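Raw coords_12.cif, mmCIF, C-alpha atoms and all ligand atoms:
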data_my_file
#
loop_
_atom_site.label_atom_id
_atom_site.label_comp_id
_atom_site.auth_asym_id
_atom_site.auth_seq_id
_atom_site.Cartn_x
_atom_site.Cartn_y
_atom_site.Cartn_z
CA MET D 871 130.64 104.32 100.15
CA MET D 872 130.32 106.89 102.96
CA LEU D 873 129.36 110.51 102.33
CA SER D 874 130.58 113.08 104.81
CA PHE D 875 128.27 116.07 104.78
CA PRO D 876 128.54 119.00 104.35
CA GLY D 877 132.06 118.89 102.90
CA GLN D 878 131.01 116.24 100.36
CA VAL D 879 128.09 118.36 99.19
CA ARG D 880 130.27 121.40 98.59
CA TRP D 881 132.63 119.19 96.59
CA LEU D 882 129.76 117.77 94.56
CA ARG D 883 128.39 121.26 93.82
CA ALA D 884 131.74 122.16 92.42
CA PHE D 885 131.85 119.09 90.23
CA PRO D 886 128.33 118.32 88.89
CA PHE D 887 129.61 115.64 86.53
CA ALA D 888 131.35 113.84 89.38
CA ALA D 889 128.14 114.17 91.40
CA CYS D 890 126.21 112.41 88.64
CA LEU D 891 128.73 109.58 88.49
CA LEU D 892 128.62 109.16 92.25
CA LEU D 893 124.83 109.05 92.22
CA ILE D 894 124.81 106.44 89.47
CA ALA D 895 127.34 104.35 91.43
CA LEU D 896 125.23 104.57 94.59
CA LEU D 897 122.04 103.61 92.76
CA ALA D 898 123.75 100.71 90.98
CA ALA D 899 125.30 99.27 94.13
CA PRO D 900 122.30 97.27 95.48
CA ALA D 901 121.50 95.74 92.06
CA ALA D 902 125.10 94.65 91.61
CA ALA D 903 124.98 92.94 95.01
CA SER D 904 122.25 90.48 94.00
CA LYS D 905 122.98 87.39 91.96
CA LYS D 906 121.27 87.20 88.57
CA ILE D 907 119.74 83.77 88.10
CA ILE D 908 117.82 81.90 85.43
CA PHE D 909 115.47 79.41 87.05
CA ASP D 910 114.84 76.35 84.86
CA THR D 911 111.97 74.30 86.24
CA ASP D 912 109.39 71.52 85.78
CA PRO D 913 106.71 72.75 88.22
CA GLY D 914 106.19 70.61 90.32
CA THR D 915 105.50 70.91 94.09
CA ASP D 916 109.10 71.30 95.24
CA ASP D 917 109.66 73.58 92.24
CA ALA D 918 106.92 75.78 93.70
CA LEU D 919 108.80 75.90 97.02
CA ALA D 920 112.04 76.70 95.22
CA LEU D 921 110.51 79.43 93.07
CA MET D 922 108.85 81.16 96.01
CA LEU D 923 112.12 81.01 97.95
CA ALA D 924 113.94 82.58 94.99
CA LEU D 925 111.34 85.33 94.56
CA ASN D 926 111.52 86.19 98.25
CA SER D 927 115.31 86.25 98.54
CA PRO D 928 116.85 89.71 98.08
CA GLU D 929 120.20 88.06 97.30
CA LEU D 930 118.73 86.76 94.04
CA ASP D 931 117.53 88.58 90.95
CA VAL D 932 115.41 86.15 88.91
CA ARG D 933 115.97 87.23 85.29
CA ALA D 934 113.89 84.49 83.65
CA ILE D 935 111.99 81.31 84.26
CA THR D 936 112.32 78.60 81.64
CA VAL D 937 110.07 75.56 81.73
CA VAL D 938 111.12 72.00 81.01
CA PRO D 939 108.98 68.83 80.99
CA GLY D 940 109.58 66.47 83.90
CA ASN D 941 107.28 66.30 86.91
CA VAL D 942 104.49 67.31 84.54
CA THR D 943 104.17 67.90 80.80
CA ALA D 944 105.71 71.01 79.27
CA GLU D 945 102.23 72.47 78.76
CA MET D 946 101.11 71.96 82.35
CA GLY D 947 104.45 73.15 83.68
CA LEU D 948 104.17 76.39 81.74
CA GLU D 949 100.67 77.02 83.05
CA ASN D 950 101.87 76.35 86.61
CA ALA D 951 104.86 78.68 86.25
CA LEU D 952 102.64 81.48 84.92
CA ARG D 953 100.14 81.07 87.74
CA MET D 954 102.89 81.17 90.35
CA VAL D 955 104.60 84.32 89.06
CA SER D 956 101.16 85.91 88.88
CA LEU D 957 100.48 84.94 92.50
CA ALA D 958 103.81 86.55 93.41
CA GLY D 959 102.90 89.70 91.48
CA ARG D 960 105.98 89.31 89.27
CA CYS D 961 104.71 89.55 85.69
CA ASP D 962 107.94 91.47 84.98
CA ILE D 963 109.88 88.17 84.92
CA PRO D 964 109.86 86.48 81.49
CA VAL D 965 108.41 82.95 81.59
CA ALA D 966 109.29 80.90 78.51
CA ALA D 967 108.43 77.44 77.21
CA GLY D 968 111.32 75.21 76.22
CA ALA D 969 111.83 71.59 75.27
CA GLN D 970 108.72 69.49 74.87
CA HIS D 971 110.35 66.12 75.63
CA PRO D 972 113.69 64.67 76.79
CA LEU D 973 116.49 64.37 74.20
CA PHE D 974 116.42 60.62 73.61
CA GLN D 975 113.72 58.99 75.70
CA LYS D 976 110.05 59.22 76.54
CA LEU D 977 108.94 61.66 79.18
CA ILE D 978 108.11 60.23 82.62
CA THR D 979 105.69 62.47 84.53
CA ALA D 980 105.15 62.34 88.30
CA GLU D 981 101.56 63.31 89.12
CA PHE D 982 101.81 60.45 91.60
CA TRP D 983 104.09 62.62 93.75
CA HIS D 984 102.97 66.13 92.77
CA GLY D 985 99.18 65.89 92.47
CA LYS D 986 97.14 65.69 89.28
CA ASN D 987 97.88 69.34 88.40
CA GLY D 988 101.50 69.18 89.56
CA LEU D 989 100.85 71.68 92.35
CA ALA D 990 99.48 69.50 95.14
CA ASN D 991 95.96 69.78 93.61
CA ILE D 992 95.81 73.42 94.71
CA GLU D 993 94.00 75.48 92.09
CA LEU D 994 95.74 78.83 91.84
CA PRO D 995 93.87 81.73 90.19
CA ALA D 996 94.31 82.14 86.44
CA SER D 997 97.53 83.96 85.59
CA LYS D 998 97.59 87.67 84.84
CA CYS D 999 101.06 87.17 83.35
CA LYS D 1000 101.62 86.29 79.69
CA VAL D 1001 104.07 83.78 78.31
CA ASP D 1002 107.24 85.17 76.76
CA GLY D 1003 107.34 84.24 73.06
CA ARG D 1004 111.00 83.20 73.04
CA TYR D 1005 112.12 79.56 73.11
CA GLY D 1006 113.57 78.72 76.55
CA PRO D 1007 117.07 77.62 75.42
CA ASP D 1008 117.31 80.70 73.15
CA LEU D 1009 116.28 82.97 76.02
CA ILE D 1010 118.99 81.38 78.20
CA ILE D 1011 121.59 82.04 75.48
CA GLN D 1012 120.39 85.60 74.96
CA LEU D 1013 120.43 86.53 78.65
CA ILE D 1014 123.89 85.05 79.21
CA HIS D 1015 125.29 87.12 76.33
CA ALA D 1016 123.52 90.22 77.66
CA SER D 1017 125.22 89.83 81.10
CA PRO D 1018 128.51 88.01 80.55
CA HIS D 1019 129.96 86.31 83.66
CA GLU D 1020 126.98 87.42 85.76
CA ILE D 1021 124.30 84.78 85.22
CA THR D 1022 123.93 81.79 87.54
CA LEU D 1023 121.84 78.98 86.09
CA VAL D 1024 119.65 77.23 88.66
CA PRO D 1025 118.10 74.19 86.98
CA VAL D 1026 115.74 72.19 89.20
CA GLY D 1027 114.28 69.83 86.61
CA PRO D 1028 115.64 67.50 83.93
CA LEU D 1029 118.55 69.21 82.18
CA THR D 1030 117.07 69.21 78.66
CA ASN D 1031 116.82 73.00 78.21
CA ILE D 1032 120.30 73.65 79.52
CA ALA D 1033 121.79 70.94 77.28
CA LEU D 1034 119.97 72.35 74.24
CA ALA D 1035 121.32 75.81 75.01
CA VAL D 1036 124.90 74.51 75.31
CA GLU D 1037 124.61 72.45 72.12
CA LYS D 1038 123.28 75.43 70.19
CA ASP D 1039 125.80 77.95 71.53
CA PRO D 1040 128.83 76.42 73.32
CA SER D 1041 130.21 79.93 73.88
CA ILE D 1042 127.80 80.33 76.82
CA VAL D 1043 129.91 77.89 78.86
CA SER D 1044 132.66 80.44 79.48
CA LEU D 1045 130.17 83.30 79.89
CA VAL D 1046 128.07 81.78 82.68
CA LYS D 1047 129.04 82.63 86.23
CA GLU D 1048 128.13 79.19 87.56
CA VAL D 1049 125.55 76.42 87.49
CA ILE D 1050 123.85 75.28 90.70
CA LEU D 1051 121.58 72.37 89.93
CA MET D 1052 119.24 70.13 91.85
CA GLY D 1053 119.83 66.58 90.78
CA GLY D 1054 121.94 63.50 91.17
CA SER D 1055 123.28 61.51 94.06
CA ILE D 1056 126.51 59.71 94.88
CA THR D 1057 124.83 57.47 97.45
CA GLY D 1058 121.96 55.75 95.59
CA GLY D 1059 118.85 56.97 93.84
CA ASN D 1060 115.24 57.86 94.56
CA VAL D 1061 113.57 56.52 91.41
CA ASN D 1062 115.45 53.23 91.71
CA ALA D 1063 118.61 51.91 93.31
CA ALA D 1064 120.91 54.16 91.30
CA ALA D 1065 119.28 57.25 89.80
CA GLU D 1066 117.82 60.52 91.03
CA ALA D 1067 114.68 61.70 89.18
CA ASN D 1068 115.92 64.84 87.40
CA ILE D 1069 118.92 63.02 85.95
CA TYR D 1070 116.92 59.84 85.24
CA ASN D 1071 114.46 61.89 83.19
CA ASP D 1072 117.14 62.94 80.69
CA PRO D 1073 120.53 61.30 81.28
CA GLU D 1074 122.02 62.37 77.93
CA ALA D 1075 121.14 66.02 78.63
CA ALA D 1076 122.63 65.69 82.12
CA GLN D 1077 125.89 64.27 80.75
CA ILE D 1078 126.18 67.25 78.37
CA VAL D 1079 125.65 69.68 81.25
CA PHE D 1080 128.05 67.86 83.59
CA GLN D 1081 130.85 67.72 80.98
CA ALA D 1082 130.37 71.25 79.61
CA GLY D 1083 133.31 72.64 81.58
CA TRP D 1084 131.63 75.39 83.59
CA PRO D 1085 131.67 75.77 87.39
CA LEU D 1086 128.98 73.36 88.50
CA THR D 1087 127.55 72.63 91.93
CA MET D 1088 125.43 69.50 92.33
CA VAL D 1089 122.81 69.79 95.04
CA GLY D 1090 121.55 66.23 95.09
CA LEU D 1091 119.86 63.72 97.35
CA GLU D 1092 122.61 64.08 99.97
CA VAL D 1093 121.12 67.51 100.72
CA GLY D 1094 117.39 67.11 100.02
CA ASP D 1095 116.99 63.86 101.90
CA LYS D 1096 118.52 65.47 104.99
CA ALA D 1097 116.58 68.76 104.78
CA LEU D 1098 113.16 67.41 105.74
CA PHE D 1099 110.22 69.78 106.02
CA THR D 1100 108.39 68.44 109.06
CA ARG D 1101 105.18 69.44 110.87
CA LYS D 1102 107.25 71.71 113.15
CA TYR D 1103 107.97 74.00 110.19
CA LEU D 1104 104.46 73.60 108.79
CA ASP D 1105 102.99 74.80 112.09
CA GLU D 1106 105.26 77.83 111.96
CA LEU D 1107 104.06 78.71 108.44
CA GLY D 1108 100.46 78.20 109.58
CA LYS D 1109 100.71 81.09 112.05
CA THR D 1110 101.02 83.72 109.31
CA HIS D 1111 99.12 84.43 106.13
CA GLY D 1112 99.52 85.88 102.68
CA PRO D 1113 98.94 84.55 99.14
CA MET D 1114 102.36 82.91 98.85
CA ASN D 1115 102.48 81.88 102.52
CA ASP D 1116 99.11 80.12 102.24
CA PHE D 1117 99.97 78.47 98.91
CA ILE D 1118 103.26 77.12 100.25
CA PHE D 1119 101.52 75.97 103.44
CA GLY D 1120 99.09 73.97 101.27
CA VAL D 1121 101.86 72.49 99.14
CA ASN D 1122 103.89 71.45 102.17
CA LYS D 1123 100.82 70.03 103.93
CA PHE D 1124 100.23 67.85 100.85
CA LEU D 1125 103.90 66.80 100.73
CA ILE D 1126 104.10 65.98 104.44
CA GLY D 1127 100.91 63.89 104.14
CA LEU D 1128 102.52 61.98 101.29
CA ALA D 1129 105.79 61.54 103.18
CA GLU D 1130 103.93 60.20 106.22
CA GLN D 1131 102.15 57.63 104.03
CA PHE D 1132 105.60 56.29 103.21
CA GLY D 1133 106.76 56.35 106.83
CA ALA D 1134 108.96 59.45 106.61
CA ALA D 1135 108.99 62.24 109.19
CA GLY D 1136 108.94 65.00 106.62
CA SER D 1137 109.20 65.97 103.01
CA PRO D 1138 112.62 66.31 101.32
CA MET D 1139 113.38 69.89 100.25
CA TYR D 1140 114.95 68.91 96.93
CA ASP D 1141 114.49 71.90 94.62
CA PRO D 1142 114.52 74.62 97.30
CA SER D 1143 117.95 73.34 98.38
CA ALA D 1144 119.51 74.46 95.09
CA VAL D 1145 118.02 77.94 95.51
CA ALA D 1146 119.15 78.02 99.14
CA VAL D 1147 122.71 77.19 98.06
CA ALA D 1148 122.54 79.98 95.47
CA VAL D 1149 121.56 82.32 98.31
CA ASP D 1150 124.12 81.05 100.82
CA SER D 1151 126.77 78.53 99.83
CA THR D 1152 127.85 78.11 103.46
CA LEU D 1153 124.74 75.99 104.07
CA VAL D 1154 126.45 73.01 102.48
CA LYS D 1155 129.73 71.15 102.62
CA VAL D 1156 131.12 70.34 99.19
CA GLN D 1157 133.59 67.82 97.85
CA GLU D 1158 135.13 68.37 94.43
CA MET D 1159 135.15 65.28 92.25
CA HIS D 1160 134.78 64.08 88.71
CA VAL D 1161 131.20 63.07 87.98
CA ASP D 1162 129.92 61.30 84.89
CA VAL D 1163 126.31 60.46 84.12
CA GLU D 1164 125.70 56.82 83.22
CA THR D 1165 123.67 56.61 80.02
CA ARG D 1166 123.95 52.93 79.13
CA GLY D 1167 123.92 50.92 82.35
CA GLU D 1168 121.47 48.05 82.63
CA PHE D 1169 120.65 48.97 86.23
CA THR D 1170 122.29 52.36 86.49
CA ARG D 1171 121.09 54.57 83.61
CA GLY D 1172 120.82 58.08 85.02
CA GLU D 1173 123.23 57.53 87.90
CA THR D 1174 125.70 60.32 88.67
CA VAL D 1175 128.93 58.40 89.10
CA GLY D 1176 131.26 60.39 91.35
CA ASN D 1177 134.94 59.54 91.55
CA ARG D 1178 135.49 60.06 95.25
CA HIS D 1179 139.20 59.31 95.38
CA GLY D 1180 140.10 61.34 92.28
CA ASP D 1181 142.08 58.83 90.24
CA VAL D 1182 141.78 55.86 87.89
CA GLU D 1183 144.09 52.96 87.18
CA ARG D 1184 145.92 53.08 83.87
CA ASN D 1185 145.45 49.75 82.12
CA VAL D 1186 147.64 49.06 79.12
CA LEU D 1187 147.15 46.17 76.70
CA HIS D 1188 150.03 43.69 76.68
CA GLY D 1189 149.33 40.83 74.29
CA ASP D 1190 146.09 39.16 75.42
CA ARG D 1191 145.69 41.04 78.69
CA TYR D 1192 145.79 44.47 80.28
CA VAL D 1193 148.43 45.39 82.81
CA ILE D 1194 148.03 48.14 85.37
CA GLU D 1195 150.93 50.48 84.76
CA GLY D 1196 150.04 53.28 87.11
CA VAL D 1197 147.36 55.57 88.41
CA ASP D 1198 146.12 58.73 86.64
CA LYS D 1199 144.52 61.70 88.33
CA VAL D 1200 141.09 62.76 87.10
CA ALA D 1201 140.22 66.44 87.12
CA PRO D 1202 137.17 67.37 89.19
CA ASN D 1203 134.28 68.87 87.19
CA VAL D 1204 131.67 69.17 89.94
CA LYS D 1205 131.36 70.47 93.47
CA VAL D 1206 129.18 67.78 95.02
CA CYS D 1207 127.25 68.86 98.10
CA VAL D 1208 127.86 66.08 100.58
CA ASP D 1209 126.31 67.59 103.72
CA VAL D 1210 123.96 70.39 104.75
CA ASP D 1211 123.05 72.46 107.79
CA ALA D 1212 119.43 71.33 107.44
CA GLU D 1213 118.03 73.32 110.35
CA ARG D 1214 119.48 76.59 109.05
CA LEU D 1215 118.22 75.86 105.52
CA LEU D 1216 114.70 75.12 106.74
CA GLN D 1217 114.61 78.18 108.99
CA MET D 1218 115.77 80.32 106.08
CA PHE D 1219 112.96 78.93 103.93
CA VAL D 1220 110.25 79.49 106.52
CA SER D 1221 111.44 82.96 107.50
CA ARG D 1222 111.35 84.14 103.91
CA ILE D 1223 107.88 82.79 103.08
CA LYS D 1224 106.17 83.80 106.34
CA GLY D 1225 103.56 86.50 105.85
CA LYS D 1226 104.25 86.88 102.11
CA CA D 1301 111.80 70.13 89.77
#
Please re-express this file's structure in structure tokens.
Amino acid sequence: MMLSFPGQVRWLRAFPFAACLLLIALLAAPAAASKKIIFDTDPGTDDALALMLALNSPELDVRAITVVPGNVTAEMGLENALRMVSLAGRCDIPVAAGAQHPLFQKLITAEFWHGKNGLANIELPASKCKVDGRYGPDLIIQLIHASPHEITLVPVGPLTNIALAVEKDPSIVSLVKEVILMGGSITGGNVNAAAEANIYNDPEAAQIVFQAGWPLTMVGLEVGDKALFTRKYLDELGKTHGPMNDFIFGVNKFLIGLAEQFGAAGSPMYDPSAVAVAVDSTLVKVQEMHVDVETRGEFTRGETVGNRHGDVERNVLHGDRYVIEGVDKVAPNVKVCVDVDAERLLQMFVSRIKGK
């Protein structure tokens, strides 16, 4: 809104009530422009990258951080989340514990990939922030009801907390703005031939989240495996300093070292990709399709099965056999990110962490 002085001022003097309303509208405008997100995380090295990107992106307003077990135990993840928000000087953001284990299977932790403390073996200072006493899924429900149609969920770990929230209060489905998750793949897995790690760690929870009926964007391996953080970007981050800059430099140095051991040129930016898409959806190309999560397959448990052509044959039983009588359309439930402008994503990440 443009103010034309001095005519506007004279008008405002004449109408003090209108002046107040205008002032409130002007003050509210920047807050309304940023997207309110709840960041659900199993920190986690790439979770650290994602969180720091979120906290340094003015387009996002992080309303809460909920912790889920995955890369590390729930207890270690909570400690890591608290230390990171403390490092960022953001004790104002509630950090809550959630589920302690997946819905129907044993937890699989990944110190092998994330370091023994989950944060690339970097010891951050003890947290000045305190844990929020609320249970993660309850906090998610509460915040969605407090800001109907405004909250974007950004889960970057197994989907246990989100599934628990939906099961407890299905009314949140129509009150959430959208869900942008890191997980899944329609082109093969990273824990085995079929499954991506976040989905593999709690397939039943993932199926609940995928079938809930809310707008859902899947930022999976098709994005992360293409957005590789290489030494070129590491060198750029090494030129500047700051508590978050130096922490992220250390995490990425660890991750690149690991990637090089396995013959890769750089480290996949899995979790930060979901945050980047929340910031700027034009970074990715999406294809709408129906996706189900396999929960029973002998070789494929945890696979996100995307129907790329959008229909299924209709088989009808005739006596002792089925006969194909037609083809039925299947409604898409997911926007699957199938390609990414990797260079732009990586530059965005580096530019926002530099000097912080
Ligand atoms: Ca994660």
Which centre and which edge lengths, in Å to one decimal, describe the axis-aligned box that holds all listed atoms of segment 1021-1038 of chain D after 5 Å is added on each side, as lines of an AutoDock Vina configuration file?
center_x = 119.6
center_y = 76.1
center_z = 79.7
size_x = 20.6
size_y = 27.3
size_z = 29.0
Pick out the residues sitting within 10 Å of Ile978 of chain D, and hand them over as a list of chain:residue names; count all atoms listed in the file, and ignore anything fewer than 6 positions along from it in its own chain. D:Pro939, D:Gly940, D:Asn941, D:Val942, D:Thr943, D:His971, D:Pro972, D:Ala1067, D:Tyr1070, D:Asn1071, D:Asp1072
Residues proximal to (127.8, 66.8, 91.0) were defined as those with any atom within 7 Å of that point in the file's coordinates, counting only C-alpha atoms. Which are they, as a list in words? Gly1054, Thr1087, Met1088, Val1161, Val1204, Lys1205 and Val1206 of chain D
Among the residues D:Ala1033, D:Leu1013, D:Ala944, D:Val1193, the one that comes closest to Val932 of chain D [using only C-alpha atoms]: D:Leu1013
Wanna dump the chain D-ligand CA 1301 (chain D) contacts at 7 Å for me, each residue with its shortest atom pair and the distance in Å to one decimal, counting all atoms listed in the file, ordered by chain and number, as a tab-separated table?
residue	atom	partner	partner_atom	distance
D:Thr911	CA	D:CA1301	CA	5.5
D:Asp912	CA	D:CA1301	CA	4.9
D:Pro913	CA	D:CA1301	CA	5.9
D:Gly914	CA	D:CA1301	CA	5.7
D:Asp916	CA	D:CA1301	CA	6.2
D:Asp917	CA	D:CA1301	CA	4.8
D:Asn941	CA	D:CA1301	CA	6.6
D:Val1026	CA	D:CA1301	CA	4.5
D:Gly1027	CA	D:CA1301	CA	4.0
D:Asp1141	CA	D:CA1301	CA	5.8
Selection: 10 Å around Val1147 of chain D, all atoms listed in the file, excl. self and same-chain fewer than 2 positions, as a list in words: Val1024, Ile1050, Leu1051, Thr1087, Met1088, Val1089, Pro1142, Ser1143, Ala1144, Val1145, Val1149, Asp1150, Ser1151, Thr1152, Leu1153, Val1154, Cys1207, Val1210 and Leu1215 of chain D
Here is a test: counting all atoms listed in the file, which residue of D:Asn987, D:Gln970, D:Asn1060, D:Thr979 is nearest to Leu1034 of chain D? D:Gln970
Atom pair atom CA of Phe1132 of chain D / atom CA of Phe982 of chain D: separation (Å):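 These two atoms are separated by 12.9 Å.
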May I ask which of the residues D:Ala1146, D:Ile1194, D:Met1159, D:Ile1032 is the closest one to Met1218 of chain D, counting only C-alpha atoms?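 Nearest to Met1218 of chain D: D:Ala1146.
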Taking all heavy atoms as the atom set, what does segment 1110-1119 of chain D look like once completed, written as a PDB file, in the frame of the given file?
ATOM      1  N   THR D1110     101.061  82.458 110.065  1.00  0.00           N
ATOM      2  CA  THR D1110     101.020  83.720 109.310  1.00  0.00           C
ATOM      3  C   THR D1110     100.259  83.483 108.001  1.00  0.00           C
ATOM      4  O   THR D1110     100.011  82.334 107.616  1.00  0.00           O
ATOM      5  CB  THR D1110     102.441  84.211 108.991  1.00  0.00           C
ATOM      6  OG1 THR D1110     103.158  83.130 108.373  1.00  0.00           O
ATOM      7  CG2 THR D1110     103.171  84.667 110.231  1.00  0.00           C
ATOM      8  N   HIS D1111      99.898  84.571 107.365  1.00  0.00           N
ATOM      9  CA  HIS D1111      99.120  84.430 106.130  1.00  0.00           C
ATOM     10  C   HIS D1111      99.571  85.410 105.062  1.00  0.00           C
ATOM     11  O   HIS D1111     100.214  86.421 105.351  1.00  0.00           O
ATOM     12  CB  HIS D1111      97.627  84.612 106.416  1.00  0.00           C
ATOM     13  CG  HIS D1111      97.084  83.517 107.271  1.00  0.00           C
ATOM     14  ND1 HIS D1111      96.848  82.244 106.791  1.00  0.00           N
ATOM     15  CD2 HIS D1111      96.794  83.490 108.595  1.00  0.00           C
ATOM     16  CE1 HIS D1111      96.417  81.480 107.796  1.00  0.00           C
ATOM     17  NE2 HIS D1111      96.371  82.211 108.904  1.00  0.00           N
ATOM     18  N   GLY D1112      99.175  85.101 103.858  1.00  0.00           N
ATOM     19  CA  GLY D1112      99.520  85.880 102.680  1.00  0.00           C
ATOM     20  C   GLY D1112      99.345  84.940 101.495  1.00  0.00           C
ATOM     21  O   GLY D1112      99.341  83.720 101.707  1.00  0.00           O
ATOM     22  N   PRO D1113      99.199  85.445 100.283  1.00  0.00           N
ATOM     23  CA  PRO D1113      98.940  84.550  99.140  1.00  0.00           C
ATOM     24  C   PRO D1113     100.019  83.488  98.952  1.00  0.00           C
ATOM     25  O   PRO D1113      99.697  82.300  98.747  1.00  0.00           O
ATOM     26  CB  PRO D1113      98.911  85.505  97.939  1.00  0.00           C
ATOM     27  CG  PRO D1113      98.810  86.886  98.484  1.00  0.00           C
ATOM     28  CD  PRO D1113      99.254  86.865  99.911  1.00  0.00           C
ATOM     29  N   MET D1114     101.279  83.895  99.046  1.00  0.00           N
ATOM     30  CA  MET D1114     102.360  82.910  98.850  1.00  0.00           C
ATOM     31  C   MET D1114     102.508  82.025 100.079  1.00  0.00           C
ATOM     32  O   MET D1114     102.681  80.815  99.971  1.00  0.00           O
ATOM     33  CB  MET D1114     103.675  83.644  98.552  1.00  0.00           C
ATOM     34  CG  MET D1114     103.687  84.280  97.183  1.00  0.00           C
ATOM     35  SD  MET D1114     105.258  85.070  96.767  1.00  0.00           S
ATOM     36  CE  MET D1114     105.017  86.703  97.466  1.00  0.00           C
ATOM     37  N   ASN D1115     102.426  82.610 101.255  1.00  0.00           N
ATOM     38  CA  ASN D1115     102.480  81.880 102.520  1.00  0.00           C
ATOM     39  C   ASN D1115     101.432  80.760 102.522  1.00  0.00           C
ATOM     40  O   ASN D1115     101.735  79.594 102.796  1.00  0.00           O
ATOM     41  CB  ASN D1115     102.224  82.880 103.654  1.00  0.00           C
ATOM     42  CG  ASN D1115     102.304  82.288 105.058  1.00  0.00           C
ATOM     43  OD1 ASN D1115     102.846  82.888 105.969  1.00  0.00           O
ATOM     44  ND2 ASN D1115     101.737  81.103 105.263  1.00  0.00           N
ATOM     45  N   ASP D1116     100.200  81.105 102.157  1.00  0.00           N
ATOM     46  CA  ASP D1116      99.110  80.120 102.240  1.00  0.00           C
ATOM     47  C   ASP D1116      99.252  79.038 101.164  1.00  0.00           C
ATOM     48  O   ASP D1116      98.950  77.861 101.398  1.00  0.00           O
ATOM     49  CB  ASP D1116      97.759  80.833 102.109  1.00  0.00           C
ATOM     50  CG  ASP D1116      97.515  81.786 103.278  1.00  0.00           C
ATOM     51  OD1 ASP D1116      98.299  81.740 104.259  1.00  0.00           O
ATOM     52  OD2 ASP D1116      96.559  82.581 103.209  1.00  0.00           O
ATOM     53  N   PHE D1117      99.733  79.440  99.979  1.00  0.00           N
ATOM     54  CA  PHE D1117      99.970  78.470  98.910  1.00  0.00           C
ATOM     55  C   PHE D1117     101.047  77.472  99.331  1.00  0.00           C
ATOM     56  O   PHE D1117     100.867  76.249  99.223  1.00  0.00           O
ATOM     57  CB  PHE D1117     100.372  79.223  97.635  1.00  0.00           C
ATOM     58  CG  PHE D1117     100.901  78.357  96.527  1.00  0.00           C
ATOM     59  CD1 PHE D1117     100.145  77.299  96.023  1.00  0.00           C
ATOM     60  CD2 PHE D1117     102.153  78.608  95.963  1.00  0.00           C
ATOM     61  CE1 PHE D1117     100.640  76.498  94.989  1.00  0.00           C
ATOM     62  CE2 PHE D1117     102.645  77.820  94.934  1.00  0.00           C
ATOM     63  CZ  PHE D1117     101.889  76.767  94.450  1.00  0.00           C
ATOM     64  N   ILE D1118     102.152  77.996  99.847  1.00  0.00           N
ATOM     65  CA  ILE D1118     103.260  77.120 100.250  1.00  0.00           C
ATOM     66  C   ILE D1118     102.861  76.248 101.441  1.00  0.00           C
ATOM     67  O   ILE D1118     103.253  75.083 101.527  1.00  0.00           O
ATOM     68  CB  ILE D1118     104.522  77.973 100.577  1.00  0.00           C
ATOM     69  CG1 ILE D1118     105.032  78.646  99.295  1.00  0.00           C
ATOM     70  CG2 ILE D1118     105.614  77.146 101.222  1.00  0.00           C
ATOM     71  CD1 ILE D1118     105.355  77.705  98.149  1.00  0.00           C
ATOM     72  N   PHE D1119     102.053  76.792 102.334  1.00  0.00           N
ATOM     73  CA  PHE D1119     101.520  75.970 103.440  1.00  0.00           C
ATOM     74  C   PHE D1119     100.761  74.775 102.872  1.00  0.00           C
ATOM     75  O   PHE D1119     100.952  73.633 103.295  1.00  0.00           O
ATOM     76  CB  PHE D1119     100.595  76.825 104.332  1.00  0.00           C
ATOM     77  CG  PHE D1119      99.976  76.048 105.465  1.00  0.00           C
ATOM     78  CD1 PHE D1119     100.643  75.918 106.672  1.00  0.00           C
ATOM     79  CD2 PHE D1119      98.731  75.439 105.315  1.00  0.00           C
ATOM     80  CE1 PHE D1119     100.072  75.193 107.727  1.00  0.00           C
ATOM     81  CE2 PHE D1119      98.162  74.705 106.353  1.00  0.00           C
ATOM     82  CZ  PHE D1119      98.833  74.584 107.564  1.00  0.00           C
TER      83      PHE D1119
END
